[in-house]
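Q: Contents of coords.txt (compact mmCIF, C-alpha atoms) are below:
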```txt
# COMPACT_ATOMS: atom_id res chain seq x y z
CA LEU A 104 20.22 -31.89 10.35
CA VAL A 105 17.79 -33.11 7.69
CA PHE A 106 14.92 -35.31 8.86
CA HIS A 107 14.09 -38.17 6.48
CA SER A 108 11.79 -39.95 8.96
CA TRP A 109 8.65 -37.94 8.37
CA GLY A 110 6.52 -41.10 8.56
CA SER A 111 7.99 -42.36 11.86
CA THR A 112 5.76 -41.85 14.90
CA HIS A 113 5.78 -41.43 18.64
CA GLU A 114 3.94 -43.95 20.74
CA ASP A 115 0.93 -41.62 20.64
CA GLY A 116 0.94 -41.85 16.82
CA GLU A 117 2.22 -38.34 16.10
CA GLY A 118 5.00 -38.02 13.52
CA HIS A 119 8.34 -36.52 14.70
CA MET A 120 8.24 -33.76 12.09
CA THR A 121 4.55 -33.10 12.72
CA SER A 122 5.32 -32.57 16.37
CA ILE A 123 8.18 -30.19 15.51
CA LEU A 124 6.01 -28.24 13.10
CA ARG A 125 3.27 -27.82 15.64
CA ARG A 126 5.76 -26.35 18.10
CA THR A 127 7.79 -24.17 15.73
CA LEU A 128 5.71 -23.13 12.72
CA PRO A 129 2.56 -21.28 13.81
CA ALA A 130 3.99 -18.01 12.51
CA LEU A 131 5.05 -19.65 9.25
CA LEU A 132 1.58 -21.03 8.62
CA ALA A 133 -0.01 -17.67 9.30
CA ALA A 134 2.41 -16.01 6.92
CA SER A 135 1.86 -18.66 4.27
CA VAL A 136 -1.63 -17.33 3.65
CA ALA A 137 -0.32 -13.79 3.25
CA PRO A 138 -1.63 -13.74 -0.35
CA LEU A 139 -5.08 -13.98 1.27
CA SER A 140 -4.65 -10.90 3.42
CA TRP A 141 -6.10 -7.45 2.89
CA ALA A 142 -3.96 -4.93 1.02
CA ALA A 143 -4.56 -1.39 -0.18
CA ASP A 144 -3.03 -1.85 -3.64
CA PHE A 145 -5.57 -3.62 -5.88
CA SER A 146 -2.89 -5.63 -7.71
CA SER A 147 -1.81 -7.00 -4.31
CA GLU A 148 -5.33 -8.04 -3.33
CA PRO A 149 -5.85 -11.77 -2.77
CA TYR A 150 -5.50 -13.61 -6.06
CA LEU A 151 -8.72 -15.58 -5.59
CA LEU A 152 -10.73 -12.39 -5.10
CA ARG A 153 -9.20 -10.68 -8.14
CA LEU A 154 -9.77 -13.84 -10.18
CA PHE A 155 -13.48 -13.79 -9.32
CA LEU A 156 -13.68 -10.15 -10.41
CA GLY A 157 -11.65 -10.72 -13.58
CA LEU A 158 -13.65 -13.70 -14.81
CA ASP A 159 -16.83 -11.74 -14.20
CA ARG A 160 -15.97 -9.84 -17.39
CA ALA A 161 -16.24 -13.01 -19.47
CA SER A 162 -19.10 -13.68 -21.87
CA ASN A 163 -20.28 -16.88 -23.54
CA TYR A 164 -20.88 -14.91 -26.77
CA ALA A 165 -18.41 -13.30 -29.16
CA ASP A 166 -20.77 -10.46 -30.13
CA THR A 167 -20.92 -9.32 -26.50
CA ALA A 168 -17.12 -9.57 -26.25
CA GLY A 169 -16.90 -7.25 -29.24
CA ARG A 170 -19.30 -4.58 -27.98
CA GLN A 171 -18.74 -5.19 -24.20
CA ALA A 172 -21.79 -3.17 -23.07
CA SER A 173 -24.87 -5.43 -23.11
CA ILE A 174 -27.18 -4.98 -20.09
CA ALA A 175 -29.83 -3.30 -22.27
CA TYR A 176 -29.05 -5.32 -25.42
CA PRO A 177 -32.28 -6.95 -26.67
CA GLY A 178 -30.95 -10.43 -27.35
CA GLY A 179 -29.89 -13.70 -25.78
CA SER A 180 -26.21 -12.75 -25.72
CA SER A 181 -26.89 -9.97 -23.20
CA ALA A 182 -25.33 -10.31 -19.75
CA ASN A 183 -28.84 -9.52 -18.53
CA PRO A 184 -30.95 -12.71 -18.46
CA ALA A 185 -34.01 -10.65 -19.43
CA GLY A 186 -32.49 -10.15 -22.89
CA ASP A 187 -33.46 -13.69 -23.92
CA ALA A 188 -37.11 -12.67 -24.12
CA ALA A 189 -36.68 -9.07 -25.27
CA ARG A 190 -38.25 -9.88 -28.62
CA PRO A 191 -40.73 -12.64 -29.63
CA ARG A 192 -38.94 -15.92 -30.44
CA GLN A 193 -40.27 -18.98 -32.20
CA ARG A 194 -37.07 -20.89 -32.97
CA ALA A 195 -34.49 -22.49 -30.70
CA GLU A 196 -30.85 -21.47 -30.98
CA VAL A 197 -27.62 -23.27 -30.15
CA THR A 198 -24.35 -21.34 -29.83
CA LEU A 199 -20.84 -22.78 -29.65
CA THR A 200 -17.99 -20.49 -28.63
CA GLY A 201 -14.22 -20.78 -28.40
CA ILE A 202 -12.18 -18.31 -26.36
CA GLY A 203 -8.40 -18.00 -26.29
CA ALA A 204 -6.39 -15.45 -24.33
CA ALA A 205 -2.61 -14.99 -24.26
CA GLY A 206 -0.68 -13.03 -21.65
CA ASP A 207 2.50 -11.10 -22.32
CA ASN A 208 4.30 -13.42 -19.84
CA GLY A 209 3.57 -16.48 -21.98
CA SER A 210 0.49 -17.71 -20.12
CA THR A 211 -2.65 -18.84 -21.92
CA LEU A 212 -6.30 -19.23 -21.00
CA LEU A 213 -8.86 -21.26 -22.97
CA ALA A 214 -12.65 -21.48 -22.55
CA PHE A 215 -15.34 -23.36 -24.44
CA PRO A 216 -18.94 -22.32 -23.71
CA ALA A 217 -22.01 -23.91 -25.29
CA THR A 218 -25.53 -22.51 -24.93
CA LEU A 219 -29.01 -23.61 -25.90
CA ALA A 220 -32.05 -21.31 -25.85
CA VAL A 221 -35.47 -22.91 -26.31
CA PRO A 222 -38.70 -20.89 -26.53
CA THR A 223 -41.55 -22.61 -24.70
CA ASP A 224 -43.96 -20.11 -26.23
CA GLU A 225 -43.67 -16.84 -28.10
CA ASN A 226 -42.87 -14.88 -24.92
CA THR A 227 -40.94 -17.37 -22.77
CA VAL A 228 -37.41 -18.73 -23.26
CA LEU A 229 -35.64 -21.46 -21.31
CA SER A 230 -31.85 -21.52 -21.62
CA PHE A 231 -29.09 -23.97 -20.73
CA ALA A 232 -25.34 -23.41 -20.89
CA TYR A 233 -22.06 -25.06 -19.99
CA ALA A 234 -18.57 -23.54 -20.01
CA TYR A 235 -15.19 -25.18 -19.48
CA THR A 236 -12.16 -23.03 -18.64
CA ASP A 237 -8.52 -24.11 -18.42
CA THR A 238 -5.05 -22.55 -18.32
CA PRO A 239 -2.78 -25.08 -20.05
CA ASP A 240 0.27 -22.81 -19.90
CA ALA A 241 0.14 -20.41 -16.97
CA ASP A 242 3.73 -19.55 -16.03
CA THR A 243 4.20 -16.30 -14.16
CA ARG A 244 7.00 -13.81 -14.62
CA GLN A 245 8.78 -15.46 -11.67
CA GLY A 246 8.71 -18.90 -13.33
CA LEU A 247 5.93 -20.15 -11.06
CA GLU A 248 2.51 -21.34 -12.19
CA ASN A 249 -1.10 -20.33 -11.65
CA HIS A 250 -3.74 -22.73 -12.95
CA VAL A 251 -7.50 -22.44 -13.26
CA ARG A 252 -9.73 -25.37 -14.21
CA SER A 253 -13.43 -24.66 -14.07
CA ASN A 254 -16.77 -26.20 -15.00
CA GLU A 255 -19.78 -23.87 -15.05
CA PHE A 256 -23.42 -24.86 -15.50
CA PHE A 257 -26.19 -22.34 -16.27
CA LEU A 258 -29.98 -22.53 -16.21
CA GLY A 259 -32.02 -19.48 -17.21
CA LEU A 260 -35.63 -18.45 -17.70
CA ALA A 261 -36.82 -15.25 -19.36
CA ARG A 262 -40.30 -13.95 -20.11
CA ARG A 263 -41.69 -10.98 -22.01
CA VAL A 264 -44.35 -9.73 -19.61
CA THR A 265 -45.54 -6.83 -21.80
CA PRO A 266 -44.71 -5.85 -25.38
CA ALA A 267 -42.13 -3.42 -23.96
CA THR A 268 -40.77 -5.25 -20.89
CA SER A 269 -39.01 -8.55 -20.24
CA VAL A 270 -37.71 -10.14 -17.05
CA GLY A 271 -35.34 -13.02 -16.49
CA GLY A 272 -33.30 -15.05 -14.05
CA GLN A 273 -30.30 -17.34 -14.28
CA VAL A 274 -28.69 -19.78 -11.85
CA ARG A 275 -25.02 -20.70 -12.25
CA VAL A 276 -23.20 -23.55 -10.49
CA VAL A 277 -19.38 -23.54 -10.53
CA ASP A 278 -16.96 -26.37 -9.74
CA SER A 279 -13.34 -25.28 -10.08
CA THR A 280 -9.80 -25.84 -8.89
CA ILE A 281 -7.38 -22.92 -8.60
CA ASP A 282 -3.63 -23.31 -8.00
CA GLU A 283 -1.48 -20.34 -7.02
CA GLU A 284 2.30 -20.55 -6.65
CA SER A 285 4.21 -17.69 -5.04
CA ARG A 286 7.44 -16.93 -3.22
CA GLU A 287 6.82 -16.30 0.47
CA ALA A 288 8.90 -13.86 2.49
CA ALA A 289 8.10 -15.83 5.67
CA ILE A 290 10.11 -18.82 4.38
CA GLY A 291 12.99 -16.91 2.83
CA PHE A 292 11.16 -16.27 -0.47
CA LEU A 293 10.97 -19.98 -1.15
CA PRO A 294 8.10 -21.16 -3.36
CA ALA A 295 4.81 -22.45 -1.97
CA ARG A 296 1.56 -23.56 -3.58
CA LEU A 297 -1.97 -22.72 -2.52
CA GLU A 298 -4.56 -25.09 -4.01
CA VAL A 299 -8.20 -24.06 -3.73
CA ASP A 300 -11.20 -26.23 -4.59
CA VAL A 301 -14.23 -24.01 -5.15
CA ARG A 302 -17.92 -24.93 -5.19
CA SER A 303 -20.29 -22.01 -5.68
CA VAL A 304 -23.77 -21.07 -6.83
CA ASP A 305 -25.10 -17.66 -7.81
CA LEU A 306 -28.36 -16.12 -8.99
CA THR A 307 -28.79 -13.27 -11.48
CA LEU A 308 -32.08 -11.40 -11.91
CA GLY A 309 -32.68 -8.80 -14.60
CA VAL A 310 -35.23 -6.59 -16.33
CA GLN A 311 -35.31 -4.72 -19.64
CA THR A 312 -37.87 -2.22 -20.88
CA ASP A 313 -38.41 0.11 -23.82
CA LEU A 314 -38.42 3.69 -22.57
CA THR A 315 -39.23 5.00 -26.06
CA ASP A 316 -39.19 3.59 -29.57
CA THR A 317 -35.42 4.13 -29.70
CA VAL A 318 -34.26 3.87 -26.07
CA ARG A 319 -34.17 0.66 -24.05
CA LEU A 320 -33.10 0.39 -20.40
CA GLY A 321 -31.84 -2.58 -18.43
CA ALA A 322 -30.94 -3.46 -14.85
CA MET A 323 -29.58 -6.60 -13.23
CA ALA A 324 -28.31 -7.88 -9.87
CA ASN A 325 -26.37 -10.96 -8.83
CA VAL A 326 -25.73 -12.64 -5.49
CA GLY A 327 -23.64 -15.75 -4.91
CA ARG A 328 -22.09 -17.94 -2.25
CA GLY A 329 -19.25 -20.43 -2.45
CA THR A 330 -17.21 -22.69 -0.21
CA THR A 331 -13.54 -23.49 -0.66
CA ASN A 332 -11.13 -26.10 0.59
CA ASP A 333 -7.62 -24.61 0.72
CA THR A 334 -4.32 -26.49 0.98
CA ILE A 335 -0.85 -24.93 1.39
CA GLN A 336 2.22 -26.93 0.33
CA ASN A 337 5.90 -25.99 0.22
CA LEU A 338 7.66 -26.50 -3.12
CA ALA A 339 11.21 -26.41 -1.73
CA PRO A 340 12.89 -27.60 1.49
CA ILE A 341 12.45 -25.15 4.38
CA PRO A 342 15.21 -24.75 6.96
CA VAL A 343 13.88 -24.05 10.48
CA PHE A 344 16.17 -22.64 13.22
CA PRO A 345 15.85 -23.72 15.97
CA PRO A 346 15.66 -26.73 16.26
CA PHE A 347 17.93 -26.94 13.18
CA VAL A 348 15.83 -29.11 10.93
CA VAL A 349 14.89 -29.02 7.25
CA ILE A 350 11.27 -29.54 6.23
CA PRO A 351 11.20 -31.59 3.00
CA SER A 352 9.44 -30.18 -0.04
CA GLY A 353 5.93 -31.34 -0.89
CA ILE A 354 4.64 -31.21 2.68
CA GLU A 355 1.09 -30.08 3.39
CA LEU A 356 1.71 -27.15 5.72
CA ASP A 357 -1.90 -26.23 6.33
CA ARG A 358 -5.47 -27.00 5.28
CA PHE A 359 -8.48 -24.82 5.96
CA ASP A 360 -11.94 -23.98 4.64
CA ASP A 361 -13.25 -20.62 3.53
CA THR A 362 -16.54 -19.04 2.48
CA ILE A 363 -16.87 -16.67 -0.49
CA HIS A 364 -19.76 -14.24 -1.01
CA THR A 365 -20.26 -12.25 -4.23
CA TRP A 366 -22.55 -9.36 -5.09
CA SER A 367 -22.94 -7.31 -8.24
CA ALA A 368 -25.37 -4.83 -9.74
CA GLY A 369 -25.54 -3.03 -13.05
CA VAL A 370 -27.63 -0.71 -15.17
CA GLY A 371 -27.52 -0.18 -18.90
CA ALA A 372 -29.03 1.86 -21.70
CA ALA A 373 -29.35 1.23 -25.42
CA TYR A 374 -29.99 3.76 -28.15
CA LEU A 375 -31.46 2.01 -31.20
CA PRO A 376 -32.32 4.64 -33.81
CA SER A 377 -32.60 2.01 -36.56
CA PRO A 378 -32.09 -1.74 -37.12
CA ALA A 379 -28.67 -0.86 -38.57
CA LEU A 380 -27.27 0.99 -35.51
CA GLY A 381 -27.10 0.46 -31.77
CA VAL A 382 -25.18 2.33 -29.08
CA PHE A 383 -24.91 0.75 -25.64
CA ALA A 384 -23.66 1.89 -22.21
CA ASP A 385 -23.30 -0.07 -18.94
CA ALA A 386 -22.30 0.80 -15.38
CA THR A 387 -21.59 -2.07 -12.98
CA TYR A 388 -20.32 -2.66 -9.45
CA ASP A 389 -18.87 -5.98 -8.27
CA ARG A 390 -17.84 -7.05 -4.78
CA VAL A 391 -16.41 -10.32 -3.46
CA HIS A 392 -15.82 -11.16 0.19
CA SER A 393 -13.79 -13.96 1.74
CA ARG A 394 -14.04 -14.96 5.39
CA VAL A 395 -10.26 -15.52 5.43
CA GLY A 396 -9.00 -13.02 2.87
CA GLY A 397 -11.11 -9.91 3.33
CA HIS A 398 -12.84 -8.31 0.38
CA ALA A 399 -12.28 -6.60 -2.95
CA ASP A 400 -14.56 -4.58 -5.19
CA ILE A 401 -14.48 -2.79 -8.50
CA GLY A 402 -16.70 -0.58 -10.62
CA ARG A 403 -16.77 -0.52 -14.42
CA PHE A 404 -18.19 1.65 -17.17
CA ALA A 405 -18.61 0.18 -20.65
CA LEU A 406 -19.49 1.77 -23.98
CA GLY A 407 -20.23 -0.20 -27.15
CA VAL A 408 -21.52 0.26 -30.66
CA GLU A 409 -22.92 -2.13 -33.27
CA SER A 410 -23.49 -1.13 -36.87
CA ARG A 411 -24.57 -2.71 -40.16
CA PRO A 412 -23.03 -0.21 -42.55
CA GLY A 413 -24.04 -1.81 -45.83
CA PRO A 414 -24.64 -5.46 -46.72
CA ALA A 415 -27.18 -7.32 -44.59
CA TRP A 416 -24.70 -10.16 -43.97
CA LEU A 417 -22.19 -7.97 -42.09
CA ALA A 418 -22.19 -6.30 -38.65
CA LEU A 419 -19.33 -4.30 -37.12
CA ARG A 420 -18.78 -3.83 -33.39
CA ALA A 421 -16.48 -1.91 -31.06
CA GLY A 422 -16.30 -1.52 -27.29
CA TRP A 423 -14.40 0.17 -24.49
CA THR A 424 -14.41 -0.19 -20.71
CA LEU A 425 -12.87 1.82 -17.89
CA ASP A 426 -12.80 0.59 -14.29
CA THR A 427 -12.23 2.26 -10.95
CA GLU A 428 -8.58 1.13 -10.99
CA SER A 429 -8.05 3.25 -14.14
CA GLU A 430 -7.63 0.13 -16.27
CA SER A 431 -9.20 0.21 -19.74
CA THR A 432 -10.11 -2.51 -22.22
CA VAL A 433 -10.75 -1.99 -25.93
CA SER A 434 -12.43 -4.44 -28.28
CA ALA A 435 -13.56 -4.89 -31.86
CA GLY A 436 -15.68 -7.49 -33.57
CA LEU A 437 -17.72 -8.44 -36.57
CA GLY A 438 -20.75 -10.55 -37.29
CA LEU A 439 -21.28 -12.59 -40.44
CA TYR A 440 -24.68 -13.86 -41.55
CA PRO A 441 -23.92 -16.17 -44.53
CA VAL A 442 -27.36 -17.81 -44.67
CA LYS A 443 -30.64 -17.43 -42.84
CA GLY A 444 -30.52 -18.92 -39.36
CA VAL A 445 -26.71 -19.01 -39.12
CA ARG A 446 -24.53 -16.38 -37.44
CA VAL A 447 -20.75 -16.28 -37.06
CA ASP A 448 -19.27 -13.74 -34.63
CA LEU A 449 -15.62 -12.82 -34.07
CA ALA A 450 -14.10 -10.49 -31.50
CA VAL A 451 -10.75 -9.37 -30.12
CA GLN A 452 -10.02 -7.63 -26.82
CA ARG A 453 -6.94 -5.84 -25.62
CA ASN A 454 -6.10 -6.03 -21.89
CA ALA A 455 -9.02 -8.42 -21.43
CA ALA A 456 -8.51 -9.20 -17.71
CA PRO A 457 -6.51 -6.46 -15.97
CA GLU A 458 -7.54 -7.77 -12.53
CA ILE A 459 -5.18 -10.76 -12.89
CA HIS A 460 -2.32 -9.26 -14.92
CA ARG A 461 0.04 -9.87 -11.99
CA GLU A 462 -0.37 -13.62 -12.49
CA PHE A 463 -1.21 -13.94 -16.20
CA GLY A 464 0.25 -10.79 -17.70
CA ARG A 465 -1.58 -8.33 -19.94
CA MET A 466 -3.93 -10.58 -21.86
CA ASP A 467 -5.17 -10.26 -25.43
CA LEU A 468 -8.32 -12.25 -26.16
CA LEU A 469 -9.71 -13.77 -29.34
CA THR A 470 -13.18 -15.31 -29.38
CA ALA A 471 -15.42 -16.84 -32.03
CA SER A 472 -19.04 -18.01 -31.87
CA VAL A 473 -21.26 -19.94 -34.26
CA ALA A 474 -25.02 -19.76 -33.67
CA VAL A 475 -27.64 -21.82 -35.49
CA ASP A 476 -31.43 -21.48 -35.31
CA PHE A 477 -33.58 -24.58 -35.64
```
Can you dump the structure from the file as structure tokens?
A:
Amino acid sequence: LVFHSWGSTHEDGEGHMTSILRRTLPALLAASVAPLSWAADFSSEPYLLRLFLGLDRASNYADTAGRQASIAYPGGSSANPAGDAARPRQRAEVTLTGIGAAGDNGSTLLAFPATLAVPTDENTVLSFAYAYTDTPDADTRQGLENHVRSNEFFLGLARRVTPATSVGGQVRVVDSTIDEESREAAIGFLPARLEVDVRSVDLTLGVQTDLTDTVRLGAMANVGRGTTNDTIQNLAPIPVFPPFVVIPSGIELDRFDDTIHTWSAGVGAAYLPSPALGVFADATYDRVHSRVGGHADIGRFALGVESRPGPAWLALRAGWTLDTESESTVSAGLGLYPVKGVRVDLAVQRNAAPEIHREFGRMDLLTASVAVDF
């Protein structure tokens, strides 16, 4: 028997099918959020948690994507907000970046960050940034879809407190929508969609200091909190026995709220024997916790090098990371300085976001930045 009278009501106003669902589907609804349950295998961790950890790798700058390690890098492209004031600055800088990533399952991810750094005096820099992220083609290997649409807003302040030491802080506000489609065992491996609206804010604090004339150290920490509104919807009719009914597709099966907490910390070192060579190393730990879905964490080690082997208008970069799940990422990049005050950076990464390869495949990333001083 197929019910087509979903909108009809009892005298008390409750729909016939709603009443049936409330009596027969508590187990189904619990199972429908199985993707948000704790699991030992990292690739089976909740998608939302792995997505938070995967996007944490991202940078608004192509030079950082090329070298990867940047916590002790003395420049505004460092992941450490203290890097903005590592050296005296007298000119503002605007940077426009385009990021494209393609997965081996046909999915794509695009991001477009823009940043502005303005020195208020020789030792203080105020920075603003915005980044838009979208997945226009995000089919999974099972023919389902996973979409991410995100708007991120950044406000940072850095100050050089001594000739050798700088400190900085950055606030980020995120407004995003995340759709996950999966086949659920609880409903006979029929497809269902989880849609999550995320609002979050986080704070990053950092410090950099010169240990010697050639060695610079950096440290940073981040804490964040977000709220989500989650909706579960079936994408195919669901037969329920008893009482021998079929739930039509497109029905909102459940709606609930969640709270997300994030923490991260990292340390870095830079060896700068000359203006033409820099070697960088980072160690970071990231953790994300969901009230509904449990928690996930990961540690990473990154090693990068930047060299100007000959002409002043050319810089070469390479990077490598290894995480606690034995996943590695390799990268290469170059910087071009065609005229004074203009910088063009290019970078490629292999296996750029291993945390979400289950949904997006093994991703190769290409990024380009153009920076102009004024």
Q: Interatomic distance between CA of Val251 (chain A) and CA of Phe463 (chain A)?
A: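 Going from CA of Val251 (chain A) over to CA of Phe463 (chain A), I get 11.0 Å.
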Q: Quick one: pull the distance between CA of Leu406 (chain A) and CA of Asp385 (chain A), Å, one decimal.
A: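 Rounded to one decimal, the two atoms are 6.6 Å apart.
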Q: From the set A:Arg328, A:His392, A:Arg160, A:Arg153, which residue has the shortest atom-to-atom contact distance to Ala405 (chain A), counting all atoms listed in the file?
A: A:Arg160
Q: For Pro216 (chain A), list every protein, DNA or RNA residue within 8 Å, evaluated using only C-alpha atoms, and leave out those in the same chain fewer than 5 positions away; present the list as a ChimeraX atom specification.
A: /A:163,199-201,232-235
Q: So how many Å separate CA of Arg358 (chain A) and CA of Gln336 (chain A), to one decimal?
A: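 Spanning CA of Arg358 (chain A) to CA of Gln336 (chain A) is a straight-line distance of 9.1 Å.
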Q: So that each row is one residue of region 325-386 of chain A with an atom at most 10 Å from region 294-316 of chain A, can you give its shortest atom pair and the distance in Å to one decimal, using all atoms listed in the file, rows by chain and rising number, as JSON lines?
A:
```
{"residue": "A:Asn325", "atom": "CA", "partner": "A:Thr307", "partner_atom": "CA", "distance": 4.3}
{"residue": "A:Val326", "atom": "CA", "partner": "A:Asp305", "partner_atom": "CA", "distance": 5.6}
{"residue": "A:Gly327", "atom": "CA", "partner": "A:Asp305", "partner_atom": "CA", "distance": 3.8}
{"residue": "A:Arg328", "atom": "CA", "partner": "A:Ser303", "partner_atom": "CA", "distance": 5.6}
{"residue": "A:Gly329", "atom": "CA", "partner": "A:Ser303", "partner_atom": "CA", "distance": 3.7}
{"residue": "A:Thr330", "atom": "CA", "partner": "A:Arg302", "partner_atom": "CA", "distance": 5.5}
{"residue": "A:Thr331", "atom": "CA", "partner": "A:Val301", "partner_atom": "CA", "distance": 4.6}
{"residue": "A:Asn332", "atom": "CA", "partner": "A:Asp300", "partner_atom": "CA", "distance": 5.2}
{"residue": "A:Asp333", "atom": "CA", "partner": "A:Val299", "partner_atom": "CA", "distance": 4.5}
{"residue": "A:Thr334", "atom": "CA", "partner": "A:Glu298", "partner_atom": "CA", "distance": 5.2}
{"residue": "A:Ile335", "atom": "CA", "partner": "A:Leu297", "partner_atom": "CA", "distance": 4.6}
{"residue": "A:Gln336", "atom": "CA", "partner": "A:Arg296", "partner_atom": "CA", "distance": 5.2}
{"residue": "A:Asn337", "atom": "CA", "partner": "A:Ala295", "partner_atom": "CA", "distance": 4.3}
{"residue": "A:Leu338", "atom": "CA", "partner": "A:Ala295", "partner_atom": "CA", "distance": 5.1}
{"residue": "A:Ala339", "atom": "CA", "partner": "A:Pro294", "partner_atom": "CA", "distance": 6.3}
{"residue": "A:Pro340", "atom": "CA", "partner": "A:Pro294", "partner_atom": "CA", "distance": 9.4}
{"residue": "A:Ile341", "atom": "CA", "partner": "A:Pro294", "partner_atom": "CA", "distance": 9.7}
{"residue": "A:Ser352", "atom": "CA", "partner": "A:Ala295", "partner_atom": "CA", "distance": 9.2}
{"residue": "A:Gly353", "atom": "CA", "partner": "A:Ala295", "partner_atom": "CA", "distance": 9.0}
{"residue": "A:Ile354", "atom": "CA", "partner": "A:Ala295", "partner_atom": "CA", "distance": 9.9}
{"residue": "A:Glu355", "atom": "CA", "partner": "A:Arg296", "partner_atom": "CA", "distance": 9.6}
{"residue": "A:Leu356", "atom": "CA", "partner": "A:Ala295", "partner_atom": "CA", "distance": 9.5}
{"residue": "A:Asp357", "atom": "CA", "partner": "A:Leu297", "partner_atom": "CA", "distance": 9.5}
{"residue": "A:Arg358", "atom": "CA", "partner": "A:Glu298", "partner_atom": "CA", "distance": 9.5}
{"residue": "A:Phe359", "atom": "CA", "partner": "A:Val299", "partner_atom": "CA", "distance": 9.7}
{"residue": "A:Asp360", "atom": "CA", "partner": "A:Val299", "partner_atom": "CA", "distance": 9.2}
{"residue": "A:Asp361", "atom": "CA", "partner": "A:Val301", "partner_atom": "CA", "distance": 9.4}
{"residue": "A:Thr362", "atom": "CA", "partner": "A:Val301", "partner_atom": "CA", "distance": 9.4}
{"residue": "A:Ile363", "atom": "CA", "partner": "A:Ser303", "partner_atom": "CA", "distance": 8.2}
{"residue": "A:His364", "atom": "CA", "partner": "A:Ser303", "partner_atom": "CA", "distance": 9.1}
{"residue": "A:Thr365", "atom": "CA", "partner": "A:Asp305", "partner_atom": "CA", "distance": 8.1}
{"residue": "A:Trp366", "atom": "CA", "partner": "A:Asp305", "partner_atom": "CA", "distance": 9.1}
{"residue": "A:Ser367", "atom": "CA", "partner": "A:Thr307", "partner_atom": "CA", "distance": 9.0}
{"residue": "A:Ala368", "atom": "CA", "partner": "A:Thr307", "partner_atom": "CA", "distance": 9.3}
{"residue": "A:Gly369", "atom": "CA", "partner": "A:Gly309", "partner_atom": "CA", "distance": 9.3}
{"residue": "A:Val370", "atom": "CA", "partner": "A:Gly309", "partner_atom": "CA", "distance": 9.6}
{"residue": "A:Gly371", "atom": "CA", "partner": "A:Gln311", "partner_atom": "CA", "distance": 9.0}
{"residue": "A:Ala372", "atom": "CA", "partner": "A:Gln311", "partner_atom": "CA", "distance": 9.3}
{"residue": "A:Ala373", "atom": "CA", "partner": "A:Asp313", "partner_atom": "CA", "distance": 9.3}
{"residue": "A:Tyr374", "atom": "CA", "partner": "A:Asp316", "partner_atom": "CA", "distance": 9.3}
{"residue": "A:Leu375", "atom": "CA", "partner": "A:Asp316", "partner_atom": "CA", "distance": 8.1}
{"residue": "A:Pro376", "atom": "CA", "partner": "A:Asp316", "partner_atom": "CA", "distance": 8.1}
{"residue": "A:Ser377", "atom": "CA", "partner": "A:Asp316", "partner_atom": "CA", "distance": 9.7}
```
Q: Which is closest to Asp282 (chain A) among A:Asp400, A:Glu462, A:Asp166, A:Glu225, if we use only C-alpha atoms?
A: A:Glu462
Q: Counting all atoms listed in the file, figure out which residue out of A:Arg170, A:Arg194, A:Arg403, A:Arg461 gets nearest to Ser285 (chain A).
A: A:Arg461
Q: Kindly indicate which residue among A:Val264, A:Ile350, A:Val442, A:Ile174 lies nearest to Met323 (chain A), using only C-alpha atoms for the distances.
A: A:Ile174
Q: Measuring atom to atom with only C-alpha atoms, identify which of A:Ala288, A:Ala474, A:Ala384, A:Leu260 is nearest to Ala195 (chain A).
A: A:Ala474
Q: Using all atoms listed in the file, determine which residues lie at most 7 Å from region 452-454 of chain A, disregarding the query and same-chain residues fewer than 4 positions distant; provide the list as a PDB file with C-alpha atoms, in the coordinates of the input.
A:
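In the end it all went to selection.pdb:
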```pdb
ATOM      1  CA  THR A 432     -10.110  -2.510 -22.220  1.00  0.00           C
ATOM      2  CA  VAL A 433     -10.750  -1.990 -25.930  1.00  0.00           C
ATOM      3  CA  SER A 434     -12.430  -4.440 -28.280  1.00  0.00           C
ATOM      4  CA  ALA A 435     -13.560  -4.890 -31.860  1.00  0.00           C
ATOM      5  CA  ARG A 465      -1.580  -8.330 -19.940  1.00  0.00           C
ATOM      6  CA  MET A 466      -3.930 -10.580 -21.860  1.00  0.00           C
ATOM      7  CA  ASP A 467      -5.170 -10.260 -25.430  1.00  0.00           C
ATOM      8  CA  LEU A 468      -8.320 -12.250 -26.160  1.00  0.00           C
ATOM      9  CA  LEU A 469      -9.710 -13.770 -29.340  1.00  0.00           C
TER      10      LEU A 469
END
```
Q: Tell me, as a list in words, which residues lie within 10 Å of region 222-224 of chain A, counting only C-alpha atoms; anything in the same chain fewer than 4 positions away does not count.
A: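 In the requested form, the answer reads Asp187, Ala188, Pro191, Arg192, Gln193, Arg194, Ala195, Glu196, Val228, Leu229, Ser230, Leu260, Ala261 and Arg262 of chain A.
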Q: Save out the residues we just selected, C-alpha atoms, as a tab-separated table (two decimals), keeping the file's coordinate frame.
A:
```tsv
chain	number	residue	atom	x	y	z
A	187	ASP	CA	-33.46	-13.69	-23.92
A	188	ALA	CA	-37.11	-12.67	-24.12
A	191	PRO	CA	-40.73	-12.64	-29.63
A	192	ARG	CA	-38.94	-15.92	-30.44
A	193	GLN	CA	-40.27	-18.98	-32.20
A	194	ARG	CA	-37.07	-20.89	-32.97
A	195	ALA	CA	-34.49	-22.49	-30.70
A	196	GLU	CA	-30.85	-21.47	-30.98
A	228	VAL	CA	-37.41	-18.73	-23.26
A	229	LEU	CA	-35.64	-21.46	-21.31
A	230	SER	CA	-31.85	-21.52	-21.62
A	260	LEU	CA	-35.63	-18.45	-17.70
A	261	ALA	CA	-36.82	-15.25	-19.36
A	262	ARG	CA	-40.30	-13.95	-20.11
```
Q: With only C-alpha atoms as the basis for distance, which of A:Arg190, A:Gly396, A:Asn249, A:Asp207 is at the shortest distance from Pro266 (chain A)?
A: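 Result for the nearest residue to Pro266 (chain A): A:Arg190.
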